[in-house]
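Taking it in order: structure first as structure tokens, then the write-up.
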Amino acid sequence: MAEAAKKSDILLELTDDHLESGLRGVPVGYTTTSAVEADKGLFYVGRAVEDIATEDPEKVIYLLLYKQMPTDVQLSGFRRELLSRASVPTGVFASLYALPHHGHPMKWFIHAINVLGMFSHNRNDYRKDAIDLIAKIPTLTAAIFRLREGWGDPIPPDPNLGYIENFVHMLGVPSHGPEETAKLIKLMRVFETTHLDHGGGNLSTFTGKAVASGKADMYESISAAMCGLAGPLHGRANQECLEFIQDCVMHIGADHINEAEVRALIMKKLNNKEVVYGFGHAVLRVEDPRARVLRKVGSEICPESPLFKVIKLLAEVVPPILKANPKISNPYANVDSASGSLLVACGLTKPEYYTTLFGMSRVVGIAAQIVYERCEARNGKGVPIMRPKYFYSPEGTAKGEAVIAGSG
Ligand code: HAX
């Protein structure tokens, strides 16, 4: 009853103000995996992400897929299942060898997922394809790094390693000794758990579910979702954000990082009408808890890194500046503010790869949500094909108010 009352609070009377608003606040459906609460943060199946970010990634993936934390027996069975499906058909790698090295890694990633779908024997079984894709995505992502960077052929998964330990093993960063490897594993475990899911309406998740609503298979749907993630206002913000932080360090000098200089750079950016990457959020109205979790990891693995010093300063300096602009709904740091600087400290120095790491994790939440919408919603009938309404209007709002000429 209480739940019903809560929902009716947000069911809207739609007005013209909702048009061309990117569907802000327009209720669409249910998510069974996660919730973004504007004044509290992100919850996976009711658990605050801050509380479970350092759990084993396999446990958190299991939670999103099966809506409960696994017992030890369930966890070891799940690990075995992921490992048994982690190998990627060589035909997928063959297609990667043909791609241009100047193509952005996200384009490789999207291509690889789509090609992987051509090798699926699951006859469009969304549940089986979800597990297969989750099992194989670290293998694919690692291969993309290796082939683009000329590090050598893909490295096969090691059946004795965990999900993220295996990913780092398959990456095989040539310059890494045991210490760097351990640091990268520590970061990537938290990177994975913090990026797995983010409610139902973020662009990539919504896109994936919309494409799946036409009964496109899991691979087509996830490829489409990853096209959404590739945009700079969404998943690629982590790349843009690191480039900005690197710029700060270069301008100020690694030994002279100070508040006044950082503030001046932000003001310059805003005066140039540029976006301050890593800040703001479409739903949250508090600091993104995932930014805090990542800064905590940073204080353990790279406290002296100049990039890390800048992100700590930005988290203090930027919010009061953005608050001065009443148009900006959330002036606080988001998840993308911190991740890139930590990845650099762990030896993954090229920002253009960061969205693939985001994608590797987010595939889990999107696949879990697609399984719900296709196989469970409406007593198993599934959500119907998406078909929102657009008004025909010759000029739209390009020159002031729209004149609606029909509504077919
Ligand atoms: N810097 C400068 N301007 C900003 C801003 C920022 N960090 N955040 C918001 N604004 C501007 C918007 O561009 C918008 O301007 P217009 O009205 O001229 O279009 C205005 O403030 C109102 O925006 P909003 O309501 O506060 O935020 P939106 O819901 O429209 O957008 C964004 C949310 C995350 C896209 C936005 O805050 C932004 O562009 N941030 C910087 C990019 C970024 O860090 N993106 C990653 C977000 C996390 C994520 O989804 N990762 O995948």
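Labels used: A, B, ... for chains in the order of the structure tokens, numbers from 1 for residues in each chain, and numbers from 1 for ligands as shown.
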task: Could you give me, as a ChimeraX atom specification, the residues within 10 Å of Asp247 of chain A, counting only C-alpha atoms and dropping anything in the same chain fewer than 5 positions from it?
output: /A:241-242,252-253,265,307
With C-alpha atoms retained, could you export that selection as an mmCIF file, in the first residue's frame?
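Result file is selection_0.cif:
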data_model
loop_
_atom_site.group_PDB
_atom_site.id
_atom_site.type_symbol
_atom_site.label_atom_id
_atom_site.label_comp_id
_atom_site.auth_asym_id
_atom_site.auth_seq_id
_atom_site.Cartn_x
_atom_site.Cartn_y
_atom_site.Cartn_z
ATOM 1 C CA CYS A 241 37.548 14.093 -17.268
ATOM 2 C CA LEU A 242 41.013 12.573 -17.134
ATOM 3 C CA ILE A 252 49.981 24.169 -13.067
ATOM 4 C CA GLY A 253 52.993 21.870 -12.856
ATOM 5 C CA LEU A 265 41.226 26.876 -14.618
ATOM 6 C CA LEU A 307 46.467 13.597 -10.713
#
message: Please list as number ranges by chain every residue within 10 Å of segment 341-346 of chain A, counting only C-alpha atoms and excluding residues in the same chain fewer than 4 positions away.
response: A: 176, 179-188, 191, 238-239, 241-243, 245-246, 294-295, 297-299, 301-311, 336-337, 350-351, 354
- line: Closest of A:Tyr62, A:Phe279, A:Tyr97, A:Phe109 to ligand 1, counting only C-alpha atoms and all ligand atoms, is A:Phe279
As an mmCIF file with N, CA and C atoms, in the first residue's frame, please: every residue in segment 354-401 of chain A that a backbone DSSP assignment puts in alpha helix (DSSP H).
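Saved the output as out.cif:
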data_model
loop_
_atom_site.group_PDB
_atom_site.id
_atom_site.type_symbol
_atom_site.label_atom_id
_atom_site.label_comp_id
_atom_site.auth_asym_id
_atom_site.auth_seq_id
_atom_site.Cartn_x
_atom_site.Cartn_y
_atom_site.Cartn_z
ATOM 1 N N TYR A 354 39.050 4.027 -21.294
ATOM 2 C CA TYR A 354 38.326 3.951 -20.018
ATOM 3 C C TYR A 354 36.848 3.612 -20.177
ATOM 4 N N THR A 355 36.251 4.053 -21.282
ATOM 5 C CA THR A 355 34.826 3.760 -21.443
ATOM 6 C C THR A 355 34.608 2.260 -21.690
ATOM 7 N N THR A 356 35.618 1.592 -22.250
ATOM 8 C CA THR A 356 35.445 0.135 -22.430
ATOM 9 C C THR A 356 35.434 -0.561 -21.059
ATOM 10 N N LEU A 357 36.220 -0.023 -20.114
ATOM 11 C CA LEU A 357 36.219 -0.623 -18.773
ATOM 12 C C LEU A 357 34.867 -0.385 -18.100
ATOM 13 N N PHE A 358 34.334 0.808 -18.295
ATOM 14 C CA PHE A 358 32.992 1.138 -17.801
ATOM 15 C C PHE A 358 31.997 0.153 -18.442
ATOM 16 N N GLY A 359 32.108 -0.017 -19.755
ATOM 17 C CA GLY A 359 31.188 -0.900 -20.483
ATOM 18 C C GLY A 359 31.296 -2.340 -20.011
ATOM 19 N N MET A 360 32.531 -2.793 -19.762
ATOM 20 C CA MET A 360 32.744 -4.178 -19.306
ATOM 21 C C MET A 360 31.909 -4.436 -18.053
ATOM 22 N N SER A 361 31.858 -3.460 -17.169
ATOM 23 C CA SER A 361 31.094 -3.617 -15.931
ATOM 24 C C SER A 361 29.589 -3.410 -16.177
ATOM 25 N N ARG A 362 29.231 -2.353 -16.899
ATOM 26 C CA ARG A 362 27.820 -1.972 -17.040
ATOM 27 C C ARG A 362 26.996 -2.999 -17.832
ATOM 28 N N VAL A 363 27.694 -3.787 -18.670
ATOM 29 C CA VAL A 363 27.002 -4.861 -19.408
ATOM 30 C C VAL A 363 26.176 -5.718 -18.446
ATOM 31 N N VAL A 364 26.695 -5.900 -17.228
ATOM 32 C CA VAL A 364 26.012 -6.769 -16.256
ATOM 33 C C VAL A 364 24.622 -6.220 -15.917
ATOM 34 N N GLY A 365 24.575 -4.949 -15.499
ATOM 35 C CA GLY A 365 23.304 -4.368 -15.078
ATOM 36 C C GLY A 365 22.321 -4.281 -16.237
ATOM 37 N N ILE A 366 22.829 -3.910 -17.402
ATOM 38 C CA ILE A 366 21.921 -3.762 -18.550
ATOM 39 C C ILE A 366 21.373 -5.137 -18.945
ATOM 40 N N ALA A 367 22.254 -6.140 -18.974
ATOM 41 C CA ALA A 367 21.786 -7.491 -19.338
ATOM 42 C C ALA A 367 20.747 -7.964 -18.326
ATOM 43 N N ALA A 368 20.990 -7.713 -17.042
ATOM 44 C CA ALA A 368 20.030 -8.152 -16.013
ATOM 45 C C ALA A 368 18.688 -7.444 -16.208
ATOM 46 N N GLN A 369 18.738 -6.176 -16.572
ATOM 47 C CA GLN A 369 17.482 -5.437 -16.772
ATOM 48 C C GLN A 369 16.759 -5.899 -18.034
ATOM 49 N N ILE A 370 17.525 -6.247 -19.055
ATOM 50 C CA ILE A 370 16.895 -6.765 -20.288
ATOM 51 C C ILE A 370 16.212 -8.106 -19.981
ATOM 52 N N VAL A 371 16.884 -8.952 -19.195
ATOM 53 C CA VAL A 371 16.269 -10.238 -18.839
ATOM 54 C C VAL A 371 14.932 -9.981 -18.141
#
Do you know which residues are within 8 Å of ligand 1 using only C-alpha atoms and all ligand atoms? Can you write them as a PDB file with C-alpha atoms, in the first residue's frame?
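Heads up, here's the output in selection.pdb:
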ATOM      1  CA  ARG A  24      13.371  13.746 -17.357  1.00  0.00           C
ATOM      2  CA  ASN A 202      20.336   6.151 -17.754  1.00  0.00           C
ATOM      3  CA  LEU A 203      20.929   6.495 -21.481  1.00  0.00           C
ATOM      4  CA  LEU A 229      27.568   4.744 -23.355  1.00  0.00           C
ATOM      5  CA  PRO A 232      31.000  12.180 -23.828  1.00  0.00           C
ATOM      6  CA  LEU A 233      28.106  13.226 -21.593  1.00  0.00           C
ATOM      7  CA  HIS A 234      27.624   9.618 -20.518  1.00  0.00           C
ATOM      8  CA  GLY A 235      30.275   6.892 -20.348  1.00  0.00           C
ATOM      9  CA  ARG A 236      33.005   8.768 -22.166  1.00  0.00           C
ATOM     10  CA  ALA A 237      32.969  11.441 -19.449  1.00  0.00           C
ATOM     11  CA  ASN A 238      35.670   9.394 -17.671  1.00  0.00           C
ATOM     12  CA  CYS A 241      37.548  14.093 -17.268  1.00  0.00           C
ATOM     13  CA  LEU A 270      33.040  27.875 -17.569  1.00  0.00           C
ATOM     14  CA  LYS A 273      30.990  27.695 -21.984  1.00  0.00           C
ATOM     15  CA  GLU A 274      32.722  24.351 -21.575  1.00  0.00           C
ATOM     16  CA  VAL A 275      31.397  21.484 -19.481  1.00  0.00           C
ATOM     17  CA  VAL A 276      33.243  20.599 -16.278  1.00  0.00           C
ATOM     18  CA  TYR A 277      33.532  16.854 -16.767  1.00  0.00           C
ATOM     19  CA  GLY A 278      33.150  14.633 -13.724  1.00  0.00           C
ATOM     20  CA  PHE A 279      30.588  16.943 -12.088  1.00  0.00           C
ATOM     21  CA  GLY A 280      26.810  17.012 -12.235  1.00  0.00           C
ATOM     22  CA  HIS A 281      24.191  14.320 -12.499  1.00  0.00           C
ATOM     23  CA  ALA A 282      20.820  13.842 -14.155  1.00  0.00           C
ATOM     24  CA  VAL A 283      19.223  12.316 -11.026  1.00  0.00           C
ATOM     25  CA  LEU A 322      28.871  25.345  -9.968  1.00  0.00           C
ATOM     26  CA  ASN A 325      24.804  28.776 -11.525  1.00  0.00           C
ATOM     27  CA  LYS A 327      20.634  26.183 -13.770  1.00  0.00           C
ATOM     28  CA  ILE A 328      22.969  23.380 -12.663  1.00  0.00           C
ATOM     29  CA  SER A 329      20.967  20.863 -10.648  1.00  0.00           C
ATOM     30  CA  ASN A 330      23.888  18.995  -9.097  1.00  0.00           C
ATOM     31  CA  PRO A 331      27.268  20.682  -8.563  1.00  0.00           C
ATOM     32  CA  ALA A 333      31.502  15.088  -8.213  1.00  0.00           C
ATOM     33  CA  ASN A 334      30.185  12.062 -10.095  1.00  0.00           C
ATOM     34  CA  VAL A 335      31.754   8.634 -10.607  1.00  0.00           C
ATOM     35  CA  ASP A 336      33.758   9.782 -13.620  1.00  0.00           C
ATOM     36  CA  SER A 337      35.634  12.454 -11.670  1.00  0.00           C
TER      37      SER A 337
END
Please, which residues in segment 209-325 of chain A fall within 8 Å of segment 116-131 of chain A when counting only C-alpha atoms, and what is the closest atom pair and distance in Å to one decimal for each, ordered by chain then residue number, as a tab-separated table?
residue	atom	partner	partner_atom	distance
A:Asp217	CA	A:Asn124	CA	5.5
A:Met218	CA	A:Tyr126	CA	5.9
A:Tyr219	CA	A:Gly117	CA	5.1
A:Glu220	CA	A:Gly117	CA	7.3
Please produce an output containing all heavy atoms for each residue in the selection, written as a short mmCIF file (atom, residue, chain, number, x, y, z; two decimals), in the first residue's frame.
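Output saved as result_13.cif:
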data_model
loop_
_atom_site.label_atom_id
_atom_site.label_comp_id
_atom_site.auth_asym_id
_atom_site.auth_seq_id
_atom_site.Cartn_x
_atom_site.Cartn_y
_atom_site.Cartn_z
N ASP A 217 18.29 -9.46 -30.25
CA ASP A 217 18.87 -10.37 -29.26
C ASP A 217 19.74 -9.59 -28.27
O ASP A 217 19.94 -8.39 -28.39
CB ASP A 217 19.61 -11.54 -29.94
CG ASP A 217 20.89 -11.14 -30.66
OD1 ASP A 217 21.50 -10.09 -30.32
OD2 ASP A 217 21.29 -11.87 -31.59
N MET A 218 20.25 -10.32 -27.28
CA MET A 218 21.01 -9.68 -26.20
C MET A 218 22.23 -8.93 -26.75
O MET A 218 22.56 -7.83 -26.31
CB MET A 218 21.44 -10.76 -25.20
CG MET A 218 22.21 -10.23 -24.01
SD MET A 218 21.24 -9.06 -23.04
CE MET A 218 20.36 -10.12 -21.91
N TYR A 219 22.89 -9.52 -27.74
CA TYR A 219 24.13 -8.91 -28.25
C TYR A 219 23.82 -7.62 -29.02
O TYR A 219 24.52 -6.62 -28.88
CB TYR A 219 24.88 -9.91 -29.14
CG TYR A 219 25.27 -11.14 -28.36
CD1 TYR A 219 24.41 -12.23 -28.27
CD2 TYR A 219 26.47 -11.19 -27.67
CE1 TYR A 219 24.74 -13.34 -27.52
CE2 TYR A 219 26.82 -12.31 -26.92
CZ TYR A 219 25.95 -13.38 -26.85
OH TYR A 219 26.28 -14.47 -26.10
N GLU A 220 22.78 -7.67 -29.86
CA GLU A 220 22.39 -6.45 -30.59
C GLU A 220 21.98 -5.36 -29.60
O GLU A 220 22.34 -4.19 -29.75
CB GLU A 220 21.23 -6.75 -31.54
CG GLU A 220 21.65 -7.63 -32.72
CD GLU A 220 20.48 -8.39 -33.35
OE1 GLU A 220 19.43 -8.57 -32.72
OE2 GLU A 220 20.65 -8.83 -34.50
#
message: Need to verify the contact set: Ala225 of chain A, 9 Å, only C-alpha atoms, exclusion of same-chain residues closer than 3 positions in sequence. Can you return it as a PyMOL selection string?
response: chain A and resi 110+203-209+211+220-222+228-230+363+366
- request: Show which residues sit within 7 Å of segment 159-175 of chain A, as a PyMOL selection string. Count only C-alpha atoms, and ignore same-chain residues fewer than 2 positions away.
  value: chain A and resi 58+83+138-139+142+145-146+151+155-157+177+185+188-189
query: When distances are computed from only C-alpha atoms, which of A:Ile61, A:Glu352, A:Lys296, A:Leu140 shows the smallest separation from His102 of chain A?
result: A:Glu352
